[in-house]
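This is model.tsv (TSV, C-alpha atoms and all ligand atoms).
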```tsv
chain	number	residue	atom	x	y	z
A	1	MET	CA	27.11	67.32	57.22
A	2	SER	CA	28.98	64.64	55.35
A	3	ASN	CA	28.30	63.63	51.78
A	4	ASN	CA	27.92	59.90	52.14
A	5	ASN	CA	25.66	59.72	49.09
A	6	MET	CA	28.44	60.77	46.77
A	7	LYS	CA	30.11	58.27	44.48
A	8	ILE	CA	33.59	57.09	45.46
A	9	ARG	CA	35.85	59.16	43.18
A	10	LYS	CA	39.15	59.21	45.03
A	11	CYS	CA	41.58	56.66	46.38
A	12	LEU	CA	44.11	57.43	49.09
A	13	PHE	CA	47.41	55.59	49.17
A	14	PRO	CA	49.36	55.90	52.41
A	15	ALA	CA	52.94	55.52	51.18
A	16	ALA	CA	55.16	57.21	53.71
A	17	GLY	CA	56.43	54.18	55.64
A	18	TYR	CA	60.10	53.27	55.78
A	19	GLY	CA	59.89	49.69	54.54
A	20	THR	CA	62.36	48.55	57.17
A	21	ARG	CA	61.65	44.88	56.51
A	22	PHE	CA	63.05	45.25	53.01
A	23	LEU	CA	66.32	46.95	53.89
A	24	PRO	CA	68.73	47.40	52.25
A	25	ALA	CA	66.50	47.47	49.11
A	26	THR	CA	64.41	50.27	50.58
A	27	LYS	CA	67.32	52.49	51.59
A	28	ALA	CA	66.99	54.74	48.55
A	29	ILE	CA	63.90	53.24	46.87
A	30	PRO	CA	60.39	53.57	48.34
A	31	LYS	CA	58.98	50.15	49.30
A	32	GLU	CA	55.92	50.93	47.18
A	33	MET	CA	58.21	50.97	44.13
A	34	LEU	CA	59.52	47.43	44.64
A	35	PRO	CA	58.41	45.41	41.62
A	36	VAL	CA	56.44	42.20	41.53
A	37	LEU	CA	57.76	40.98	38.16
A	38	THR	CA	58.16	44.26	36.28
A	39	LYS	CA	55.49	46.41	37.93
A	40	PRO	CA	55.87	48.40	41.14
A	41	LEU	CA	53.50	47.48	43.97
A	42	LEU	CA	51.92	50.92	43.90
A	43	GLN	CA	51.02	50.60	40.23
A	44	TYR	CA	49.10	47.40	40.99
A	45	GLY	CA	47.15	49.38	43.58
A	46	VAL	CA	46.47	52.24	41.17
A	47	GLU	CA	45.28	49.79	38.51
A	48	GLU	CA	42.94	48.20	41.05
A	49	ALA	CA	41.47	51.66	41.76
A	50	ILE	CA	41.04	52.28	38.02
A	51	SER	CA	39.28	48.93	37.69
A	52	ALA	CA	36.76	50.28	40.21
A	53	GLN	CA	36.22	53.47	38.16
A	54	VAL	CA	38.22	55.54	40.62
A	55	GLU	CA	40.54	57.85	38.73
A	56	THR	CA	41.80	60.40	41.25
A	57	MET	CA	44.75	59.10	43.23
A	58	ALA	CA	45.73	60.88	46.43
A	59	ILE	CA	49.13	59.75	47.62
A	60	VAL	CA	50.55	60.43	51.07
A	61	THR	CA	54.30	60.27	50.65
A	62	GLY	CA	57.28	61.07	52.82
A	63	ARG	CA	60.90	62.04	52.55
A	64	GLY	CA	62.91	60.06	50.01
A	65	LYS	CA	59.83	59.03	48.01
A	66	ARG	CA	60.19	61.21	44.92
A	67	ALA	CA	60.51	58.17	42.66
A	68	ILE	CA	56.74	57.70	43.12
A	69	GLU	CA	55.94	61.07	41.54
A	70	ASP	CA	58.38	60.45	38.70
A	71	HIS	CA	56.87	57.04	38.01
A	72	PHE	CA	53.39	58.48	37.43
A	73	ASP	CA	54.65	61.17	35.05
A	74	ILE	CA	55.96	61.24	31.49
A	75	SER	CA	59.66	60.64	31.04
A	76	TYR	CA	60.36	62.53	27.81
A	77	GLU	CA	63.84	61.10	27.51
A	78	LEU	CA	62.56	57.53	27.77
A	79	GLU	CA	59.68	58.24	25.37
A	80	HIS	CA	62.16	59.68	22.88
A	81	GLN	CA	64.49	56.68	23.14
A	82	ILE	CA	61.84	54.00	22.92
A	83	LYS	CA	59.20	55.41	20.53
A	84	GLY	CA	58.86	53.38	17.35
A	85	THR	CA	61.17	50.61	18.61
A	86	SER	CA	60.28	47.01	19.40
A	87	LYS	CA	60.45	47.88	23.10
A	88	GLU	CA	57.65	50.43	23.03
A	89	HIS	CA	55.06	47.95	24.32
A	90	TYR	CA	56.81	47.90	27.70
A	91	LEU	CA	55.38	51.36	28.29
A	92	THR	CA	51.78	50.59	27.31
A	93	GLU	CA	50.39	49.95	30.79
A	94	ILE	CA	52.00	52.88	32.55
A	95	ARG	CA	51.05	55.25	29.71
A	96	GLU	CA	47.42	54.20	30.16
A	97	VAL	CA	47.59	54.82	33.88
A	98	ILE	CA	49.07	58.27	33.40
A	99	THR	CA	46.52	59.20	30.73
A	100	ASN	CA	43.48	58.00	32.67
A	101	CYS	CA	44.18	59.33	36.15
A	102	THR	CA	45.18	62.41	38.05
A	103	PHE	CA	47.64	62.19	40.90
A	104	SER	CA	47.98	64.51	43.84
A	105	TYR	CA	50.48	64.29	46.66
A	106	THR	CA	51.01	65.43	50.18
A	107	ARG	CA	53.71	64.53	52.65
A	108	GLN	CA	53.38	62.98	56.07
A	109	ILE	CA	56.08	64.85	57.95
A	110	GLU	CA	56.23	62.60	61.01
A	111	MET	CA	55.49	58.87	61.10
A	112	LYS	CA	52.67	58.71	63.63
A	113	GLY	CA	50.73	55.73	62.35
A	114	LEU	CA	48.26	54.73	59.64
A	115	GLY	CA	45.43	56.81	61.13
A	116	HIS	CA	47.66	59.86	61.11
A	117	ALA	CA	48.77	59.16	57.50
A	118	ILE	CA	45.11	58.98	56.42
A	119	ALA	CA	44.36	62.23	58.25
A	120	CYS	CA	47.22	63.88	56.30
A	121	GLY	CA	45.27	63.04	53.14
A	122	GLU	CA	42.23	65.14	54.16
A	123	THR	CA	43.51	68.07	52.17
A	124	LEU	CA	43.47	65.91	49.00
A	125	ILE	CA	40.15	64.18	49.69
A	126	GLY	CA	37.86	66.85	51.13
A	127	ASN	CA	34.34	66.14	52.33
A	128	GLU	CA	33.47	62.97	50.43
A	129	PRO	CA	33.66	59.19	50.94
A	130	PHE	CA	36.86	57.66	49.62
A	131	ALA	CA	38.79	54.43	49.18
A	132	VAL	CA	42.10	53.54	50.82
A	133	ILE	CA	44.56	51.04	49.37
A	134	LEU	CA	47.65	49.87	51.24
A	135	ALA	CA	49.85	48.95	48.30
A	136	ASP	CA	51.79	46.31	50.18
A	137	ASP	CA	48.63	44.23	50.37
A	138	LEU	CA	48.50	43.07	46.77
A	139	CYS	CA	45.09	41.73	45.74
A	140	ASP	CA	43.93	39.83	42.70
A	141	ASN	CA	40.62	38.29	41.75
A	142	GLU	CA	40.91	36.10	38.67
A	143	ASP	CA	37.21	35.27	38.66
A	144	GLY	CA	35.67	38.71	38.49
A	145	ASP	CA	35.64	42.18	39.99
A	146	SER	CA	38.68	43.48	41.85
A	147	VAL	CA	38.49	43.69	45.63
A	148	LEU	CA	37.98	47.46	45.52
A	149	SER	CA	35.20	47.13	42.91
A	150	GLN	CA	33.43	44.63	45.15
A	151	MET	CA	33.68	47.04	48.08
A	152	ILE	CA	32.42	50.00	46.09
A	153	SER	CA	29.35	48.01	44.99
A	154	LEU	CA	28.71	47.26	48.64
A	155	TYR	CA	29.13	50.94	49.53
A	156	GLU	CA	26.30	51.84	47.14
A	157	LYS	CA	24.05	49.71	49.35
A	158	TYR	CA	25.26	50.52	52.88
A	159	LYS	CA	26.76	54.06	52.58
A	160	CYS	CA	29.03	53.53	55.56
A	161	SER	CA	32.69	52.71	56.17
A	162	ILE	CA	33.81	49.27	54.97
A	163	VAL	CA	36.86	47.18	55.82
A	164	ALA	CA	37.93	44.14	53.79
A	165	VAL	CA	38.60	41.10	55.99
A	166	GLU	CA	39.92	37.58	55.64
A	167	GLU	CA	40.23	34.60	57.94
A	168	ILE	CA	43.69	34.17	59.42
A	169	PRO	CA	45.31	31.57	61.67
A	170	ILE	CA	44.70	32.97	65.16
A	171	LYS	CA	48.42	32.85	65.98
A	172	ASP	CA	48.89	35.72	63.48
A	173	SER	CA	46.32	38.03	65.09
A	174	ASN	CA	49.02	40.39	66.37
A	175	LYS	CA	49.90	41.40	62.80
A	176	TYR	CA	46.45	42.79	61.97
A	177	GLY	CA	43.44	44.78	62.99
A	178	VAL	CA	40.88	42.14	64.06
A	179	ILE	CA	37.10	42.61	64.01
A	180	ALA	CA	34.02	41.06	65.58
A	181	GLY	CA	30.39	41.54	64.65
A	182	GLU	CA	27.15	40.07	63.37
A	183	THR	CA	26.61	38.63	59.92
A	184	ILE	CA	23.92	40.64	58.11
A	185	GLU	CA	24.16	39.00	54.70
A	186	GLU	CA	26.48	36.49	53.07
A	187	ASN	CA	30.08	37.71	53.54
A	188	VAL	CA	28.94	40.97	55.18
A	189	ILE	CA	29.30	41.64	58.90
A	190	ARG	CA	28.12	44.61	60.93
A	191	VAL	CA	31.18	45.39	63.04
A	192	THR	CA	30.70	45.75	66.80
A	193	ASN	CA	34.31	45.53	67.96
A	194	MET	CA	37.74	45.95	66.47
A	195	VAL	CA	41.19	45.71	68.02
A	196	GLU	CA	44.56	46.64	66.53
A	197	LYS	CA	47.06	43.77	66.61
A	198	PRO	CA	45.68	41.81	69.58
A	199	GLU	CA	47.59	38.86	71.00
A	200	PRO	CA	45.81	35.59	70.05
A	201	GLU	CA	44.22	35.26	73.52
A	202	ASP	CA	42.68	38.74	73.17
A	203	ALA	CA	41.56	38.48	69.54
A	204	PRO	CA	37.78	38.94	69.20
A	205	SER	CA	37.72	36.58	66.15
A	206	ASN	CA	39.95	35.26	63.37
A	207	LEU	CA	38.81	37.92	60.88
A	208	ALA	CA	41.68	40.26	60.02
A	209	ILE	CA	41.49	43.59	58.24
A	210	ILE	CA	43.50	43.76	55.03
A	211	GLY	CA	44.66	46.94	53.34
A	212	ARG	CA	41.42	47.96	51.60
A	213	TYR	CA	39.01	50.43	53.17
A	214	ILE	CA	36.12	52.65	52.19
A	215	LEU	CA	35.86	55.54	54.63
A	216	THR	CA	33.20	58.16	55.12
A	217	PRO	CA	34.63	61.65	55.56
A	218	ASP	CA	33.58	62.06	59.21
A	219	ILE	CA	36.58	59.78	59.85
A	220	PHE	CA	38.88	62.82	59.60
A	221	GLU	CA	37.35	64.52	62.66
A	222	ILE	CA	37.27	61.21	64.51
A	223	ILE	CA	40.98	60.61	63.84
A	224	LYS	CA	41.75	64.04	65.32
A	225	ASP	CA	40.09	62.89	68.55
A	226	THR	CA	41.71	59.45	68.53
A	227	LYS	CA	44.55	58.96	70.98
A	228	ALA	CA	47.71	57.04	70.18
A	229	GLY	CA	47.08	53.31	70.57
A	230	ARG	CA	49.05	50.18	69.72
A	231	GLY	CA	52.76	50.97	69.24
A	232	GLY	CA	52.19	54.57	70.38
A	233	GLU	CA	50.70	55.31	66.94
A	234	ILE	CA	47.38	56.77	65.84
A	235	GLN	CA	45.55	53.75	64.49
A	236	ILE	CA	42.81	53.79	61.84
A	237	THR	CA	41.39	50.70	63.58
A	238	ASP	CA	40.76	52.76	66.75
A	239	ALA	CA	39.11	55.59	64.77
A	240	LEU	CA	36.92	53.06	62.97
A	241	LEU	CA	35.86	51.60	66.32
A	242	THR	CA	34.21	54.95	67.10
A	243	GLN	CA	32.16	54.63	63.89
A	244	ALA	CA	31.51	50.93	64.59
A	245	LYS	CA	29.98	51.77	67.97
A	246	GLN	CA	27.43	53.85	66.04
A	247	GLY	CA	26.72	50.84	63.78
A	248	LYS	CA	28.49	52.53	60.87
A	249	VAL	CA	31.16	50.04	59.88
A	250	ILE	CA	30.78	46.84	57.94
A	251	ALA	CA	33.36	44.17	57.24
A	252	TYR	CA	33.40	42.38	53.92
A	253	LYS	CA	34.86	38.94	53.25
A	254	PHE	CA	36.17	39.66	49.79
A	255	LYS	CA	36.48	37.30	46.84
A	256	GLY	CA	40.00	36.84	45.58
A	257	LYS	CA	43.55	36.50	46.81
A	258	ARG	CA	45.66	38.81	48.91
A	259	PHE	CA	49.41	38.74	49.30
A	260	ASP	CA	51.21	40.39	52.20
A	261	CYS	CA	53.96	42.07	50.21
A	262	GLY	CA	55.09	43.84	53.37
A	263	SER	CA	56.81	40.57	54.25
A	264	VAL	CA	59.48	38.76	52.25
A	265	ASP	CA	57.47	35.51	52.25
A	266	GLY	CA	54.33	37.22	50.91
A	267	PHE	CA	56.36	39.10	48.33
A	268	VAL	CA	57.90	35.89	46.98
A	269	GLU	CA	54.46	34.23	46.93
A	270	ALA	CA	53.02	37.15	44.96
A	271	THR	CA	55.93	37.03	42.54
A	272	ASN	CA	55.41	33.31	41.89
A	273	TYR	CA	51.66	33.76	41.54
A	274	PHE	CA	51.90	36.56	38.98
A	275	TYR	CA	54.73	34.80	37.14
A	276	ASN	CA	52.68	31.63	36.74
A	277	LYS	CA	49.63	33.65	35.75
A	278	GLN	CA	51.35	35.44	32.88
A	279	LYS	CA	52.93	32.26	31.43
A	301	LIG	C1	47.82	48.05	59.00
A	301	LIG	C2	46.61	48.24	59.94
A	301	LIG	C3	46.05	46.88	60.34
A	301	LIG	C4	45.72	46.06	59.10
A	301	LIG	C5	46.96	45.96	58.19
A	301	LIG	C6	46.60	45.31	56.86
A	301	LIG	O1	48.87	47.47	59.75
A	301	LIG	O2	47.02	48.98	61.07
A	301	LIG	O3	44.90	47.07	61.12
A	301	LIG	O4	45.29	44.78	59.49
A	301	LIG	O5	47.49	47.26	57.88
A	301	LIG	O6	47.74	45.10	56.08
A	301	LIG	P1	50.39	47.43	59.22
A	301	LIG	O7	50.49	46.24	58.33
A	301	LIG	O8	50.63	48.72	58.47
A	301	LIG	O9	51.24	47.30	60.45
```
What does this structure look like when you write it as structure tokens?
Ligand code: G1P
Amino acid sequence: MSNNNMKIRKCLFPAAGYGTRFLPATKAIPKEMLPVLTKPLLQYGVEEAISAQVETMAIVTGRGKRAIEDHFDISYELEHQIKGTSKEHYLTEIREVITNCTFSYTRQIEMKGLGHAIACGETLIGNEPFAVILADDLCDNEDGDSVLSQMISLYEKYKCSIVAVEEIPIKDSNKYGVIAGETIEENVIRVTNMVEKPEPEDAPSNLAIIGRYILTPDIFEIIKDTKAGRGGEIQITDALLTQAKQGKVIAYKFKGKRFDCGSVDGFVEATNYFYNKQK
């Protein structure tokens, strides 16, 4: 039996990908550590989880990603150098993150897709519902709750898997998981179909999944039974379709902005947005 009534306490961050689109920057630095202004992408994701009262971070890393672990740990040398100086405030945010959360890590040994990466996190999550944040989708909601907070509130009501979606130009459908379904309340859709990266002519709608999920723990068994799909990879979209066919997935049109920091254009947009916001 799964424990769908439990509170969401843990957030999984798949962070094993190569970041090919940002080479050569990502040759020795994980893409999740690329900064928008002065903060690494992954820290934005962690802070979004904290804003939703989720304080256990489960990170699926890969080879060459040790900088992530070092980032979410104390650097005694740095603390020693900077303590009591005018520069100390630069450490305020990361100190808070480290103090308020626990981090656990596991490695994805082979790159077999997002579904496979999530399955690697089972050992850190266990038998409880959990959140997933893809750090290269950077989200911000100036007017209220973060995207993950909004989704967790919705989980309290529906107790089933949730994907965050937004409307996209149909020509871009082959970059996303795309859903179809029936509206059950404002901004909430019961999902009946989902397809990973369909060509525009095959897209079931213009509603694309962005990198925020709430998953119930039965997803782990489902992923094990899910065959490789688009790109020869094990896709979370395909595993979720199994749940959707049982009426157990909803899509949520979130409030706020999302930047695709997996692309150079989106990264520059996010940088300009956060720069203008802090001025
Ligand atoms: C992944 C998912 C896709 C989703 C996207 C959101 O794709 O497979 O369904 O729409 O994240 O960013 P990726 O961007 O890793 O290729």
Item checked: Ref. answer, residues at most 6 Å from (46.6, 43.6, 62.7) with only C-alpha atoms, as a PyMOL selection string -> chain A and resi 174-177+196-197
Next item on the list: Determine the nearest neighbour of ligand LIG 301 (chain A) from the options A:Tyr213, A:Tyr155, A:Phe22, A:Tyr105, counting all atoms listed in the file.
Entry: A:Tyr213
For ligand LIG 301 (chain A), what centre and edge lengths in Å (one decimal) does the axis-aligned box get once 6 Å is added on each side of all its listed atoms, as lines of an AutoDock Vina configuration file?
```
center_x = 48.1
center_y = 46.9
center_z = 58.6
size_x = 18.3
size_y = 16.2
size_z = 17.0
```
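What separates atom CA of A:Ile222 from atom CA of A:His116 is a distance of 11.0 Å.
Residues with any atom within 12 Å of A:Gly232, counting only C-alpha atoms and excluding same-chain neighbours fewer than 5 positions away, are Met111, Lys112, Gly113, Leu114, Gly115, His116, Glu196, Thr226 and Lys227 of chain A.
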Hey, can you spit out that residue selection with C-alpha atoms as an mmCIF file, in the frame of the given file?
```cif
data_model
loop_
_atom_site.group_PDB
_atom_site.id
_atom_site.type_symbol
_atom_site.label_atom_id
_atom_site.label_comp_id
_atom_site.auth_asym_id
_atom_site.auth_seq_id
_atom_site.Cartn_x
_atom_site.Cartn_y
_atom_site.Cartn_z
ATOM 1 C CA MET A 111 55.490 58.870 61.100
ATOM 2 C CA LYS A 112 52.670 58.710 63.630
ATOM 3 C CA GLY A 113 50.730 55.730 62.350
ATOM 4 C CA LEU A 114 48.260 54.730 59.640
ATOM 5 C CA GLY A 115 45.430 56.810 61.130
ATOM 6 C CA HIS A 116 47.660 59.860 61.110
ATOM 7 C CA GLU A 196 44.560 46.640 66.530
ATOM 8 C CA THR A 226 41.710 59.450 68.530
ATOM 9 C CA LYS A 227 44.550 58.960 70.980
#
```
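For stretch 9-14 of chain A, the non-local neighbours within 9 Å, defined as residues at least 6 positions apart in the same chain or in other chains and counting only C-alpha atoms, are Leu42, Gly45, Val46, Ala49, Gln53, Val54, Glu55, Thr56, Met57, Ala58, Ile59, Val60, Thr61, Gln108, Leu114, Ala117, Ile118, Gly121, Leu124, Ile125, Glu128, Pro129, Phe130, Ala131, Val132, Ile133, Leu134, Ala135 and Ile214 of chain A.
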Next item on the list: Point out the residue among A:Met6, A:Ile98, A:Ala164, A:Val178 with the least atom-to-atom distance to A:Lys257, counting all atoms listed in the file.
Entry: A:Ala164
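Each of A:Asn5, A:Asn206, A:Gln246, A:Asn272 was checked against A:Pro169 using all atoms listed in the file; the smallest atom-to-atom distance is that of A:Asn206.
Considering all atoms listed in the file, the residue among A:Val97, A:Ala119, A:Ala16, A:Ile250 positioned nearest to ligand LIG 301 (chain A) is A:Ala16.
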Checklist line | Two-atom distance - atom CA of A:Asp136, atom O6 of ligand LIG 301 (chain A) (Å) | finding: 7.3 Å
Note to self: When you look at stretch 26-35 of chain A with a cut-off of 8 Å (counting all atoms listed in the file), what residues show up, excluding the ones that are within fewer than 4 positions of it in the same chain? I need them as a VMD selection string.
What the structure shows: chain A and resid 15 17 to 20 22 39 to 42 64 to 65 67 to 68 135 to 136
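The interatomic distance for the pair atom CA of A:His71 and atom CA of A:Thr106 works out to 15.9 Å.
Distance annotation: of A:Phe220, A:Phe103, A:Tyr90, A:Phe274, the residue with the minimal separation from A:Leu138 is A:Phe274; atom set is only C-alpha atoms.
Nearest to A:Tyr275 of all the residues A:Leu215, A:Val36, A:Ile8, A:Ile152 is A:Val36, counting all atoms listed in the file.
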Notebook entry, point to check: Contacts of A:Leu91 at 9 Å or less, counting all atoms listed in the file, minus same-chain residues fewer than 4 places along, as a PyMOL selection string?
Noted result: chain A and resi 79+82+87+95-96
